[in-house]
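Shown here: my_file-v4.tsv, TSV, C-alpha atoms.
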chain	number	residue	atom	x	y	z
Z	1	MET	CA	17.99	3.97	-18.46
Z	2	CYS	CA	20.05	1.55	-20.48
Z	3	LYS	CA	18.50	-1.44	-22.17
Z	4	TYR	CA	21.51	-3.68	-21.58
Z	5	ARG	CA	22.09	-3.21	-17.82
Z	6	TRP	CA	25.05	-0.91	-18.18
Z	7	GLY	CA	23.75	1.06	-15.27
Z	8	CYS	CA	21.56	4.08	-15.12
Z	9	ASP	CA	21.70	7.71	-14.12
Z	10	THR	CA	19.64	7.41	-10.95
Z	11	ILE	CA	19.62	11.13	-10.30
Z	12	ALA	CA	18.22	11.75	-13.81
Z	13	ILE	CA	15.54	9.09	-13.29
Z	14	ILE	CA	14.53	10.62	-9.99
Z	15	GLY	CA	14.45	14.05	-11.60
Z	16	ILE	CA	12.20	12.81	-14.39
Z	17	LEU	CA	9.79	10.89	-12.16
Z	18	ALA	CA	9.64	13.53	-9.44
Z	19	HIS	CA	8.58	16.23	-11.87
Z	20	ARG	CA	5.71	14.25	-13.42
Z	21	ASP	CA	2.22	13.60	-12.15
Z	22	ALA	CA	0.72	10.11	-11.89
Z	23	SER	CA	-0.84	10.19	-15.36
Z	24	GLN	CA	2.46	11.25	-16.96
Z	25	ARG	CA	4.34	8.52	-15.09
Z	26	ALA	CA	1.75	6.01	-16.32
Z	27	LEU	CA	2.39	7.13	-19.90
Z	28	ILE	CA	6.14	6.78	-19.37
Z	29	GLU	CA	5.56	3.27	-18.03
Z	30	GLN	CA	3.38	2.34	-21.03
Z	31	GLU	CA	5.84	3.73	-23.56
Z	32	TYR	CA	8.73	1.90	-21.89
Z	33	LYS	CA	6.81	-1.38	-22.13
Z	34	VAL	CA	6.06	-0.77	-25.82
Z	35	MET	CA	9.65	0.19	-26.64
Z	36	TYR	CA	11.47	-2.49	-24.63
Z	37	SER	CA	8.82	-5.20	-23.95
Z	38	GLU	CA	9.78	-5.01	-20.29
Z	39	ASP	CA	8.10	-3.82	-17.11
Z	40	LEU	CA	9.55	-0.48	-16.03
Z	41	ASN	CA	8.96	-1.11	-12.32
Z	42	LYS	CA	10.95	-4.35	-12.41
Z	43	ARG	CA	13.68	-2.62	-14.33
Z	44	LEU	CA	13.81	0.31	-11.91
Z	45	SER	CA	14.06	-2.09	-9.01
Z	46	ALA	CA	16.94	-3.96	-10.64
Z	47	GLU	CA	18.76	-0.82	-11.72
Z	48	LEU	CA	18.43	0.92	-8.37
Z	49	THR	CA	19.79	-2.12	-6.59
Z	50	GLY	CA	22.90	-1.88	-8.75
Z	51	ASP	CA	23.59	1.84	-8.32
Z	52	VAL	CA	26.70	1.61	-6.15
Z	53	LYS	CA	27.12	5.33	-5.48
Z	54	LEU	CA	23.51	5.80	-4.47
Z	55	ILE	CA	23.48	2.59	-2.43
Z	56	ASP	CA	26.59	3.71	-0.54
Z	57	ILE	CA	25.10	7.10	0.28
Z	58	MET	CA	21.70	5.72	1.26
Z	59	TYR	CA	23.20	2.76	3.12
Z	60	LEU	CA	25.34	5.01	5.24
Z	61	ARG	CA	22.25	7.00	6.12
Z	62	GLY	CA	20.18	3.84	6.61
Z	63	ASP	CA	17.60	4.95	4.04
Z	64	PHE	CA	18.15	2.81	0.97
Z	65	LYS	CA	15.29	0.33	1.36
Z	66	TRP	CA	12.94	3.18	2.19
Z	67	PHE	CA	14.19	5.22	-0.75
Z	68	GLN	CA	13.86	2.35	-3.23
Z	69	LYS	CA	10.34	1.59	-2.02
Z	70	ALA	CA	9.33	5.26	-2.25
Z	71	LEU	CA	10.66	5.58	-5.78
Z	72	LEU	CA	8.82	2.46	-6.94
Z	73	LEU	CA	5.59	3.68	-5.31
Z	74	TRP	CA	5.71	6.81	-7.47
Z	75	MET	CA	4.90	4.80	-10.58
Z	76	PRO	CA	1.41	3.32	-10.09
Z	77	ASP	CA	-1.81	5.32	-10.02
Z	78	PRO	CA	-3.02	6.26	-6.51
Z	79	ALA	CA	-5.54	3.41	-6.14
Z	80	ARG	CA	-2.98	0.79	-7.19
Z	81	ARG	CA	-0.38	2.35	-4.89
Z	82	ASP	CA	-2.84	2.23	-1.99
Z	83	ALA	CA	-3.64	-1.42	-2.76
Z	84	MET	CA	0.06	-2.28	-2.82
Z	85	ILE	CA	0.67	-0.44	0.46
Z	86	LEU	CA	-2.26	-2.17	2.15
Z	87	ARG	CA	-1.26	-5.61	0.88
Z	88	GLU	CA	2.24	-5.18	2.24
Z	89	ALA	CA	0.96	-3.67	5.50
Z	90	LEU	CA	-1.32	-6.67	5.98
Z	91	SER	CA	1.46	-9.20	5.36
Z	92	ASN	CA	3.84	-10.75	7.90
Z	93	ASN	CA	4.58	-7.69	10.04
Z	94	ILE	CA	1.25	-5.94	10.33
Z	95	ASP	CA	1.70	-2.18	9.89
Z	96	LEU	CA	-1.38	-0.70	11.53
Z	97	LYS	CA	-0.14	2.85	11.02
Z	98	ALA	CA	0.04	2.41	7.23
Z	99	ILE	CA	-3.34	0.68	7.09
Z	100	THR	CA	-4.98	3.40	9.17
Z	101	GLU	CA	-3.37	6.20	7.20
Z	102	VAL	CA	-4.53	4.85	3.86
Z	103	LEU	CA	-8.07	3.94	4.89
Z	104	CYS	CA	-8.80	7.02	7.00
Z	105	SER	CA	-7.47	9.57	4.53
Z	106	ARG	CA	-9.41	8.48	1.43
Z	107	THR	CA	-12.77	9.65	0.15
Z	108	PRO	CA	-15.64	7.18	-0.25
Z	109	THR	CA	-15.04	7.12	-4.01
Z	110	GLN	CA	-11.34	6.42	-3.53
Z	111	LEU	CA	-12.14	3.62	-1.05
Z	112	TYR	CA	-14.57	2.08	-3.52
Z	113	GLN	CA	-11.95	2.13	-6.29
Z	114	LEU	CA	-9.35	0.75	-3.89
Z	115	LYS	CA	-11.55	-2.17	-2.88
Z	116	GLN	CA	-12.31	-3.03	-6.50
Z	117	LEU	CA	-8.66	-2.90	-7.49
Z	118	TYR	CA	-7.52	-4.85	-4.42
Z	119	ILE	CA	-9.64	-7.86	-5.34
Z	120	ALA	CA	-8.59	-7.58	-8.99
Z	121	LEU	CA	-4.89	-7.52	-8.09
Z	122	PHE	CA	-4.77	-10.00	-5.23
Z	123	GLY	CA	-7.86	-12.20	-5.69
Z	124	VAL	CA	-9.15	-11.57	-2.18
Z	125	TYR	CA	-11.43	-8.98	-0.66
Z	126	LEU	CA	-9.69	-6.26	1.32
Z	127	GLU	CA	-12.26	-6.71	4.09
Z	128	HIS	CA	-11.30	-10.39	4.34
Z	129	ASP	CA	-7.60	-9.57	4.66
Z	130	ILE	CA	-8.34	-6.99	7.35
Z	131	GLN	CA	-10.57	-9.41	9.25
Z	132	SER	CA	-8.02	-12.20	9.10
Z	133	GLN	CA	-4.82	-10.19	9.67
Z	134	THR	CA	-5.77	-7.67	12.35
Z	135	SER	CA	-7.24	-7.95	15.82
Z	136	GLY	CA	-8.65	-6.03	18.75
Z	137	ASP	CA	-10.05	-2.52	18.85
Z	138	HIS	CA	-7.82	-1.37	16.03
Z	139	LYS	CA	-9.38	-4.03	13.81
Z	140	LYS	CA	-12.83	-2.65	14.57
Z	141	VAL	CA	-11.82	0.92	13.76
Z	142	ILE	CA	-10.09	-0.07	10.52
Z	143	PHE	CA	-12.96	-2.26	9.39
Z	144	ILE	CA	-15.57	0.39	10.20
Z	145	SER	CA	-13.63	3.04	8.29
Z	146	LEU	CA	-13.47	0.74	5.29
Z	147	VAL	CA	-17.12	-0.26	5.16
Z	148	SER	CA	-18.65	3.01	6.36
Z	149	PHE	CA	-18.82	4.43	2.84
Z	150	ASN	CA	-21.31	1.68	1.90
Z	151	ASN	CA	-23.92	3.65	3.82
Z	152	MET	CA	-23.26	6.65	1.58
Z	153	GLY	CA	-24.49	4.94	-1.59
Z	154	TYR	CA	-21.15	3.65	-2.92
Z	155	ASN	CA	-21.81	-0.08	-2.59

Would you mind writing the structure in this file as structure tokens?
Amino acid sequence: MCKYRWGCDTIAIIGILAHRDASQRALIEQEYKVMYSEDLNKRLSAELTGDVKLIDIMYLRGDFKWFQKALLLWMPDPARRDAMILREALSNNIDLKAITEVLCSRTPTQLYQLKQLYIALFGVYLEHDIQSQTSGDHKKVIFISLVSFNNMGYN
């Protein structure tokens, strides 16, 4: 990636990020911040928006927004990624499928870490957001899946 916004080799970036695990991507992100005093995620977002060839291909297929979001979600550790997904899913257009998938596919330990990180990142309890943003039977199922691990000694 270029420091002076001369564009980037998106395919190379994808190749690098796709062949690294979360801890390696975190190290890349840290080193980038040290070297350039800039957040890599913000830079990736800006650079990907400007990649005309990739935008044209993805736009024609109708995938660009999805692709950009997926690439940016590769960078954070799993708990942070889950928190980001849940925060977005609980915003304006409630995405019950995403909320259910995240909460029902995590271990009690992962849910505990997620809840701790969610409040640290967003200043509100995840349970509060779920209570205030969802409704009906789905709300009950989601809430129960989130708090059920408390009975397993993880509170």

- Message: Which residues are close to region 95-107 of chain Z, i.e. within 9 Å by all atoms listed in the file, leaving aside same-chain residues fewer than 4 positions away? Reply as a list in words.
- Response: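 Surrounding residues, per the criterion: Asp82, Ile85, Leu86, Glu88, Ala89, Leu90, Ser91, Leu111, Tyr112, Thr134, His138, Lys139, Val141, Ile142, Ser145, Leu146 and Phe149 of chain Z.
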
- Task: Report the distance between CA of Trp74 (chain Z) and CA of Lys33 (chain Z) in Å, rounded to one decimal place.
- Result: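 Between these atoms lies a distance of 16.8 Å.
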
- Task: Name the residues, using the chain letters and numbers of the file, that sit within 12 Å of (6.8, 7.4, -17.9) when counting only C-alpha atoms, and give them as a PyMOL selection string.
- Result: chain Z and resi 1+13-35+39-41+44+74-77

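Minimum atom-to-atom distances from Z:Arg87, Z:Lys42, Z:Asn93, Z:Pro78 to Leu121 (chain Z) were compared using all atoms listed in the file, and the lowest value belongs to Z:Arg87.
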
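Between CA of Met84 (chain Z) and CA of Phe122 (chain Z) lies a distance of 9.4 Å.
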
- Message: Considering all atoms listed in the file, can you say which of Z:Ala12, Z:Phe143, Z:Ala79, Z:Ile94 comes closest to His128 (chain Z)?
- Response: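 Nearest to His128 (chain Z): Z:Phe143.
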